[in-house]
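File shown: data-v4.pdb (PDB, C-alpha atoms).
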```
ATOM      1  CA  MET A   1       6.900 -12.011 -17.442  1.00  0.00           C
ATOM      2  CA  HIS A   2       7.629 -12.778 -13.795  1.00  0.00           C
ATOM      3  CA  PHE A   3       9.574 -11.120 -10.994  1.00  0.00           C
ATOM      4  CA  LYS A   4      12.152 -13.277  -9.232  1.00  0.00           C
ATOM      5  CA  ASP A   5      11.155 -11.833  -5.855  1.00  0.00           C
ATOM      6  CA  ARG A   6      10.277  -8.513  -4.228  1.00  0.00           C
ATOM      7  CA  TYR A   7      13.865  -7.266  -4.499  1.00  0.00           C
ATOM      8  CA  ASP A   8      13.836  -7.886  -8.248  1.00  0.00           C
ATOM      9  CA  ALA A   9      10.491  -6.065  -8.503  1.00  0.00           C
ATOM     10  CA  GLY A  10      11.942  -3.071  -6.661  1.00  0.00           C
ATOM     11  CA  THR A  11      14.985  -3.031  -8.921  1.00  0.00           C
ATOM     12  CA  GLN A  12      12.832  -2.988 -12.042  1.00  0.00           C
ATOM     13  CA  LEU A  13      10.763  -0.100 -10.669  1.00  0.00           C
ATOM     14  CA  CYS A  14      13.896   1.920  -9.845  1.00  0.00           C
ATOM     15  CA  SER A  15      14.699   2.868 -13.422  1.00  0.00           C
ATOM     16  CA  LYS A  16      11.220   4.388 -13.794  1.00  0.00           C
ATOM     17  CA  LEU A  17      11.597   6.491 -10.633  1.00  0.00           C
ATOM     18  CA  ILE A  18      14.973   8.071 -11.304  1.00  0.00           C
ATOM     19  CA  PHE A  19      13.240  11.453 -11.761  1.00  0.00           C
ATOM     20  CA  LEU A  20      12.835  11.520  -7.951  1.00  0.00           C
ATOM     21  CA  LYS A  21      16.503  10.877  -7.138  1.00  0.00           C
ATOM     22  CA  ASP A  22      17.888  13.305  -4.525  1.00  0.00           C
ATOM     23  CA  LYS A  23      14.600  15.244  -4.344  1.00  0.00           C
ATOM     24  CA  ASP A  24      13.770  14.731  -0.651  1.00  0.00           C
ATOM     25  CA  ALA A  25      11.490  11.848  -1.541  1.00  0.00           C
ATOM     26  CA  LEU A  26       9.750   9.757   1.090  1.00  0.00           C
ATOM     27  CA  VAL A  27       9.049   6.136   0.229  1.00  0.00           C
ATOM     28  CA  LEU A  28       6.021   4.762   2.094  1.00  0.00           C
ATOM     29  CA  GLY A  29       6.003   0.984   1.835  1.00  0.00           C
ATOM     30  CA  ILE A  30       2.648  -0.671   2.452  1.00  0.00           C
ATOM     31  CA  ALA A  31       3.184  -3.369   5.066  1.00  0.00           C
ATOM     32  CA  ARG A  32       4.323  -5.903   4.744  1.00  0.00           C
ATOM     33  CA  GLY A  33       5.551  -6.739   1.247  1.00  0.00           C
ATOM     34  CA  GLY A  34       5.594  -3.150   0.022  1.00  0.00           C
ATOM     35  CA  VAL A  35       8.315  -2.318   2.542  1.00  0.00           C
ATOM     36  CA  ILE A  36      10.670  -4.843   0.932  1.00  0.00           C
ATOM     37  CA  VAL A  37      10.025  -3.476  -2.575  1.00  0.00           C
ATOM     38  CA  GLY A  38      10.236   0.053  -1.177  1.00  0.00           C
ATOM     39  CA  SER A  39      13.591  -0.577   0.504  1.00  0.00           C
ATOM     40  CA  VAL A  40      15.187  -1.171  -2.895  1.00  0.00           C
ATOM     41  CA  ILE A  41      13.560   1.956  -4.360  1.00  0.00           C
ATOM     42  CA  ALA A  42      14.567   4.138  -1.387  1.00  0.00           C
ATOM     43  CA  GLU A  43      18.181   3.108  -1.773  1.00  0.00           C
ATOM     44  CA  CYS A  44      18.356   3.736  -5.509  1.00  0.00           C
ATOM     45  CA  ILE A  45      16.737   7.204  -5.402  1.00  0.00           C
ATOM     46  CA  ASN A  46      18.406   8.194  -2.108  1.00  0.00           C
ATOM     47  CA  ALA A  47      15.120   8.572  -0.254  1.00  0.00           C
ATOM     48  CA  GLU A  48      13.866   8.009   3.265  1.00  0.00           C
ATOM     49  CA  LEU A  49      11.995   4.737   3.796  1.00  0.00           C
ATOM     50  CA  ASP A  50       8.970   4.525   6.056  1.00  0.00           C
ATOM     51  CA  VAL A  51       5.970   2.253   6.482  1.00  0.00           C
ATOM     52  CA  ILE A  52       2.194   2.613   6.396  1.00  0.00           C
ATOM     53  CA  VAL A  53      -0.260  -0.058   7.499  1.00  0.00           C
ATOM     54  CA  PRO A  54      -3.633   0.124   5.740  1.00  0.00           C
ATOM     55  CA  ARG A  55      -5.847  -2.831   6.604  1.00  0.00           C
ATOM     56  CA  LYS A  56      -8.516  -4.347   4.412  1.00  0.00           C
ATOM     57  CA  LEU A  57     -12.130  -4.355   5.593  1.00  0.00           C
ATOM     58  CA  GLY A  58     -13.572  -7.739   4.727  1.00  0.00           C
ATOM     59  CA  ALA A  59     -17.188  -8.512   3.892  1.00  0.00           C
ATOM     60  CA  PRO A  60     -19.344 -10.489   6.346  1.00  0.00           C
ATOM     61  CA  TYR A  61     -18.832 -14.236   5.865  1.00  0.00           C
ATOM     62  CA  ASN A  62     -16.220 -13.502   3.178  1.00  0.00           C
ATOM     63  CA  PRO A  63     -13.250 -11.682   4.745  1.00  0.00           C
ATOM     64  CA  GLU A  64     -11.208 -11.926   1.534  1.00  0.00           C
ATOM     65  CA  LEU A  65     -13.703  -9.701  -0.297  1.00  0.00           C
ATOM     66  CA  ALA A  66     -12.683  -6.093   0.362  1.00  0.00           C
ATOM     67  CA  ILE A  67     -15.500  -3.679   1.119  1.00  0.00           C
ATOM     68  CA  GLY A  68     -12.944  -0.983   1.869  1.00  0.00           C
ATOM     69  CA  ALA A  69      -9.831  -0.307   3.935  1.00  0.00           C
ATOM     70  CA  VAL A  70      -8.749   1.693   6.970  1.00  0.00           C
ATOM     71  CA  MET A  71      -5.604   3.418   8.265  1.00  0.00           C
ATOM     72  CA  HIS A  72      -4.152   3.526  11.786  1.00  0.00           C
ATOM     73  CA  ASP A  73      -6.051   6.739  12.587  1.00  0.00           C
ATOM     74  CA  ASN A  74      -9.365   5.243  11.355  1.00  0.00           C
ATOM     75  CA  ARG A  75      -9.244   7.230   8.099  1.00  0.00           C
ATOM     76  CA  SER A  76     -11.247   4.877   5.871  1.00  0.00           C
ATOM     77  CA  TYR A  77     -12.265   4.208   2.299  1.00  0.00           C
ATOM     78  CA  LEU A  78     -15.499   2.319   1.601  1.00  0.00           C
ATOM     79  CA  ASN A  79     -16.586   0.646  -1.628  1.00  0.00           C
ATOM     80  CA  ASP A  80     -20.197   1.816  -1.612  1.00  0.00           C
ATOM     81  CA  SER A  81     -21.280  -0.316  -4.564  1.00  0.00           C
ATOM     82  CA  ILE A  82     -20.234  -3.565  -2.868  1.00  0.00           C
ATOM     83  CA  ILE A  83     -21.708  -2.426   0.450  1.00  0.00           C
ATOM     84  CA  GLU A  84     -25.050  -1.662  -1.202  1.00  0.00           C
ATOM     85  CA  THR A  85     -25.076  -4.893  -3.207  1.00  0.00           C
ATOM     86  CA  LEU A  86     -24.407  -7.007  -0.092  1.00  0.00           C
ATOM     87  CA  ARG A  87     -26.657  -4.830   2.095  1.00  0.00           C
ATOM     88  CA  ILE A  88     -23.982  -4.524   4.771  1.00  0.00           C
ATOM     89  CA  SER A  89     -25.154  -2.733   7.896  1.00  0.00           C
ATOM     90  CA  GLN A  90     -23.588   0.474   9.201  1.00  0.00           C
ATOM     91  CA  GLU A  91     -23.090  -1.265  12.542  1.00  0.00           C
ATOM     92  CA  TYR A  92     -20.932  -3.934  10.887  1.00  0.00           C
ATOM     93  CA  ILE A  93     -18.915  -1.256   9.078  1.00  0.00           C
ATOM     94  CA  ARG A  94     -18.324   0.768  12.257  1.00  0.00           C
ATOM     95  CA  HIS A  95     -17.164  -2.328  14.105  1.00  0.00           C
ATOM     96  CA  ALA A  96     -14.870  -3.370  11.244  1.00  0.00           C
ATOM     97  CA  ILE A  97     -13.286   0.095  11.069  1.00  0.00           C
ATOM     98  CA  GLU A  98     -12.657   0.129  14.828  1.00  0.00           C
ATOM     99  CA  GLU A  99     -11.230  -3.401  14.869  1.00  0.00           C
ATOM    100  CA  LYS A 100      -8.999  -3.059  11.813  1.00  0.00           C
ATOM    101  CA  GLY A 101      -7.999   0.496  12.718  1.00  0.00           C
ATOM    102  CA  LYS A 102      -6.711  -0.733  16.073  1.00  0.00           C
ATOM    103  CA  GLU A 103      -4.904  -3.603  14.343  1.00  0.00           C
ATOM    104  CA  SER A 104      -3.245  -1.088  12.021  1.00  0.00           C
ATOM    105  CA  LYS A 105      -2.216   1.173  14.917  1.00  0.00           C
ATOM    106  CA  ASP A 106      -0.747  -1.751  16.877  1.00  0.00           C
ATOM    107  CA  MET A 107       1.287  -2.912  13.865  1.00  0.00           C
ATOM    108  CA  LEU A 108       2.485   0.622  13.158  1.00  0.00           C
ATOM    109  CA  ILE A 109       3.749   1.108  16.709  1.00  0.00           C
ATOM    110  CA  ARG A 110       5.507  -2.252  16.512  1.00  0.00           C
ATOM    111  CA  TYR A 111       7.280  -1.239  13.307  1.00  0.00           C
ATOM    112  CA  ARG A 112       8.225   2.390  13.980  1.00  0.00           C
ATOM    113  CA  GLY A 113       7.416   3.236  17.610  1.00  0.00           C
ATOM    114  CA  ASN A 114       4.978   6.092  16.921  1.00  0.00           C
ATOM    115  CA  ASP A 115       2.373   7.342  14.443  1.00  0.00           C
ATOM    116  CA  LYS A 116       3.906  10.733  13.605  1.00  0.00           C
ATOM    117  CA  TYR A 117       4.884  11.404   9.974  1.00  0.00           C
ATOM    118  CA  ASN A 118       6.806  14.173   8.212  1.00  0.00           C
ATOM    119  CA  ILE A 119       5.044  14.327   4.829  1.00  0.00           C
ATOM    120  CA  SER A 120       4.151  17.978   4.159  1.00  0.00           C
ATOM    121  CA  GLY A 121       5.962  19.398   1.131  1.00  0.00           C
ATOM    122  CA  ARG A 122       7.746  16.139   0.276  1.00  0.00           C
ATOM    123  CA  HIS A 123       7.596  13.943  -2.822  1.00  0.00           C
ATOM    124  CA  VAL A 124       5.905  10.783  -1.562  1.00  0.00           C
ATOM    125  CA  VAL A 125       6.241   7.401  -3.250  1.00  0.00           C
ATOM    126  CA  ILE A 126       3.621   4.869  -2.127  1.00  0.00           C
ATOM    127  CA  VAL A 127       4.864   1.344  -2.820  1.00  0.00           C
ATOM    128  CA  ASP A 128       3.227  -2.066  -2.678  1.00  0.00           C
ATOM    129  CA  ASP A 129       4.323  -5.456  -4.013  1.00  0.00           C
ATOM    130  CA  GLY A 130       1.181  -5.699  -6.152  1.00  0.00           C
ATOM    131  CA  ILE A 131      -2.441  -4.600  -6.297  1.00  0.00           C
ATOM    132  CA  ALA A 132      -5.477  -6.842  -6.652  1.00  0.00           C
ATOM    133  CA  THR A 133      -8.573  -4.817  -5.683  1.00  0.00           C
ATOM    134  CA  GLY A 134      -6.931  -1.490  -4.824  1.00  0.00           C
ATOM    135  CA  ALA A 135      -8.732  -0.831  -1.524  1.00  0.00           C
ATOM    136  CA  THR A 136      -5.614  -0.526   0.666  1.00  0.00           C
ATOM    137  CA  VAL A 137      -3.835   1.623  -1.909  1.00  0.00           C
ATOM    138  CA  ILE A 138      -6.828   3.957  -2.309  1.00  0.00           C
ATOM    139  CA  VAL A 139      -7.076   4.593   1.434  1.00  0.00           C
ATOM    140  CA  SER A 140      -3.296   5.141   1.533  1.00  0.00           C
ATOM    141  CA  ILE A 141      -3.537   7.783  -1.204  1.00  0.00           C
ATOM    142  CA  LEU A 142      -6.487   9.552   0.465  1.00  0.00           C
ATOM    143  CA  TRP A 143      -4.696   9.546   3.812  1.00  0.00           C
ATOM    144  CA  CYS A 144      -1.481  10.838   2.265  1.00  0.00           C
ATOM    145  CA  LYS A 145      -3.280  13.719   0.526  1.00  0.00           C
ATOM    146  CA  GLU A 146      -4.464  14.971   3.915  1.00  0.00           C
ATOM    147  CA  HIS A 147      -0.796  15.526   4.874  1.00  0.00           C
ATOM    148  CA  ASN A 148      -0.100  17.975   2.012  1.00  0.00           C
ATOM    149  CA  PRO A 149       2.723  16.280   0.090  1.00  0.00           C
ATOM    150  CA  ALA A 150       4.416  18.072  -2.823  1.00  0.00           C
ATOM    151  CA  SER A 151       3.464  15.118  -5.029  1.00  0.00           C
ATOM    152  CA  ILE A 152       2.300  11.522  -4.801  1.00  0.00           C
ATOM    153  CA  THR A 153       3.760   8.765  -6.952  1.00  0.00           C
ATOM    154  CA  LEU A 154       2.308   5.275  -6.804  1.00  0.00           C
ATOM    155  CA  ALA A 155       4.862   2.587  -7.698  1.00  0.00           C
ATOM    156  CA  VAL A 156       3.695  -1.021  -7.976  1.00  0.00           C
ATOM    157  CA  PRO A 157       5.213  -3.959  -9.895  1.00  0.00           C
ATOM    158  CA  VAL A 158       1.896  -5.410 -11.049  1.00  0.00           C
ATOM    159  CA  MET A 159      -1.784  -4.447 -11.069  1.00  0.00           C
ATOM    160  CA  PRO A 160      -4.818  -5.172 -13.272  1.00  0.00           C
ATOM    161  CA  MET A 161      -5.331  -2.781 -16.164  1.00  0.00           C
ATOM    162  CA  ASP A 162      -8.737  -1.630 -14.876  1.00  0.00           C
ATOM    163  CA  ILE A 163      -7.241  -0.718 -11.484  1.00  0.00           C
ATOM    164  CA  TYR A 164      -4.376   1.085 -13.236  1.00  0.00           C
ATOM    165  CA  ASN A 165      -6.873   3.193 -15.166  1.00  0.00           C
ATOM    166  CA  ARG A 166      -8.835   3.958 -12.011  1.00  0.00           C
ATOM    167  CA  LEU A 167      -5.845   4.954  -9.879  1.00  0.00           C
ATOM    168  CA  SER A 168      -4.065   7.036 -12.510  1.00  0.00           C
ATOM    169  CA  SER A 169      -6.325  10.017 -11.850  1.00  0.00           C
ATOM    170  CA  MET A 170      -5.726   9.853  -8.083  1.00  0.00           C
ATOM    171  CA  VAL A 171      -1.959  10.441  -8.096  1.00  0.00           C
ATOM    172  CA  ASP A 172       0.576  12.691  -9.820  1.00  0.00           C
ATOM    173  CA  ASN A 173       2.557   9.751 -11.213  1.00  0.00           C
ATOM    174  CA  LEU A 174       1.662   6.084 -11.586  1.00  0.00           C
ATOM    175  CA  VAL A 175       4.500   3.653 -12.258  1.00  0.00           C
ATOM    176  CA  ALA A 176       3.886  -0.032 -12.965  1.00  0.00           C
ATOM    177  CA  ILE A 177       5.792  -2.774 -14.777  1.00  0.00           C
ATOM    178  CA  LEU A 178       2.918  -5.139 -15.555  1.00  0.00           C
ATOM    179  CA  THR A 179      -0.736  -4.209 -16.104  1.00  0.00           C
ATOM    180  CA  PRO A 180      -2.382  -7.443 -17.298  1.00  0.00           C
ATOM    181  CA  ILE A 181      -6.016  -7.601 -18.352  1.00  0.00           C
ATOM    182  CA  ASP A 182      -6.206 -11.186 -17.092  1.00  0.00           C
ATOM    183  CA  PHE A 183      -5.441 -11.081 -13.380  1.00  0.00           C
ATOM    184  CA  GLY A 184      -5.841 -13.726 -10.691  1.00  0.00           C
ATOM    185  CA  ALA A 185      -3.545 -13.017  -7.748  1.00  0.00           C
ATOM    186  CA  VAL A 186      -0.396 -10.960  -7.191  1.00  0.00           C
ATOM    187  CA  GLY A 187       1.656 -14.030  -6.311  1.00  0.00           C
ATOM    188  CA  GLU A 188       1.158 -15.459  -9.794  1.00  0.00           C
ATOM    189  CA  PHE A 189       3.591 -12.868 -11.136  1.00  0.00           C
ATOM    190  CA  TYR A 190       6.430 -13.793  -8.772  1.00  0.00           C
ATOM    191  CA  ASP A 191       8.735 -16.812  -8.813  1.00  0.00           C
ATOM    192  CA  ARG A 192       9.119 -16.373  -5.057  1.00  0.00           C
ATOM    193  CA  PHE A 193       6.384 -14.691  -3.020  1.00  0.00           C
ATOM    194  CA  ASP A 194       6.916 -15.849   0.556  1.00  0.00           C
ATOM    195  CA  PRO A 195       5.045 -14.122   3.393  1.00  0.00           C
ATOM    196  CA  VAL A 196       6.988 -11.204   4.896  1.00  0.00           C
ATOM    197  CA  SER A 197       7.475 -11.269   8.674  1.00  0.00           C
ATOM    198  CA  ASP A 198       7.296  -8.343  11.094  1.00  0.00           C
ATOM    199  CA  GLU A 199      11.005  -8.859  11.749  1.00  0.00           C
ATOM    200  CA  GLU A 200      11.822  -8.400   8.051  1.00  0.00           C
ATOM    201  CA  VAL A 201       9.846  -5.150   7.977  1.00  0.00           C
ATOM    202  CA  ILE A 202      11.609  -3.791  11.070  1.00  0.00           C
ATOM    203  CA  LEU A 203      15.030  -4.781   9.685  1.00  0.00           C
ATOM    204  CA  ALA A 204      14.340  -3.123   6.321  1.00  0.00           C
ATOM    205  CA  LEU A 205      13.275   0.096   8.054  1.00  0.00           C
ATOM    206  CA  ALA A 206      16.370   0.069  10.266  1.00  0.00           C
ATOM    207  CA  ARG A 207      18.658  -0.133   7.243  1.00  0.00           C
ATOM    208  CA  ARG A 208      17.327   3.185   5.873  1.00  0.00           C
TER     209      ARG A 208
END
```
What do you get writing this file as structure tokens?
Amino acid sequence: MHFKDRYDAGTQLCSKLIFLKDKDALVLGIARGGVIVGSVIAECINAELDVIVPRKLGAPYNPELAIGAVMHDNRSYLNDSIIETLRISQEYIRHAIEEKGKESKDMLIRYRGNDKYNISGRHVVIVDDGIATGATVIVSILWCKEHNPASITLAVPVMPMDIYNRLSSMVDNLVAILTPIDFGAVGEFYDRFDPVSDEEVILALARR
């Protein structure tokens, strides 16, 4: 099974999120692709759409390997087992958090103008266009919990089964369409998976 594009993925998730319709829900799309999926969900459940910008912390000499992730306010999640295995220094980690945290903050200001959120007491839906390792989603959930939401729902079109099992205990509701055991990359499950531009994110946010 494939999704035509991110809009199709959002449409398929909508039917599983109808329990949040008209309940003062806040959809937090993970930039960039999650905002496009989230825009469809926000419209169908009559929710506010907003954006969050977690950034992956890459391993030394292998930036694609996530050793953790960080938010705009430097709230971070670290994968201790990978860090220990690779013997990554605390100095490297501190530098990576500072660098990627600043990158996140800069992107956030570009998208929404400020870093103030209204989350307390609301039903939050964290949305991404797919999960591979889970680092950016985990830091998003941990960050969101600090803002005292009424509930947290994670809605993602596709993620590996082992990640699904791991994340299910971290949120109140976990909604996914595909949870394959064999998993290569998120893009494999889309017919069209073009990069999303900053302009597309800003436009999607403006529409809601």
Per residue of segment 1-33 of chain A within 6 Å of segment 108-130 of chain A, record the nearest atom pair and its distance in Å to one decimal, counting all atoms listed in the file, with rows in chain order and ascending residue number, as CSV.
```
residue,atom,partner,partner_atom,distance
A:Ala25,CA,A:His123,CA,4.6
A:Leu26,CA,A:Val124,CA,4.8
A:Val27,CA,A:Val125,CA,4.6
A:Leu28,CA,A:Ile126,CA,4.9
A:Gly29,CA,A:Val127,CA,4.8
A:Ile30,CA,A:Asp128,CA,5.3
A:Gly33,CA,A:Asp129,CA,5.6
```
On this structure, which residues satisfy the PyMOL selection byres ((chain A and resi 62-79) around 12), written as a ChimeraX atom specification?
-> /A:30-31,51-61,80-90,92-109,114-116,132-146
Take the PyMOL selection byres ((chain A and resi 169-182) around 8), apply it to the structure above, and return the hits as a PyMOL selection string.
-> chain A and resi 12-13+16-17+141+151-162+164-168+183-184
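For the pair atom CA of Phe189 of chain A and atom CA of Ile131 of chain A, the interatomic distance is 11.3 Å.
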Around all of segment 126-141 of chain A's listed atoms, make the axis-aligned box with 4 Å on each side and tell me centre and edge lengths in Å to one decimal, as lines of an AutoDock Vina configuration file.
```
center_x = -1.9
center_y = 0.5
center_z = -2.6
size_x = 21.6
size_y = 22.6
size_z = 16.2
```
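Proximity ranking of A:Ile18, A:Ala206, A:Val196, A:Ala185 relative to Ile36 of chain A places A:Val196 first, based on only C-alpha atoms.
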Result set of the PyMOL selection byres ((chain A and resi 40) around 8) on the coordinates above, as a ChimeraX atom specification | /A:7,10-11,14,36-39,41-44
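Going from atom CA of Leu203 of chain A over to atom CA of Ala150 of chain A, you cover 28.1 Å.
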Grab the atom CA of Gly187 of chain A to atom CA of Asp50 of chain A distance for me, in Å with one decimal place.
-> 23.5 Å
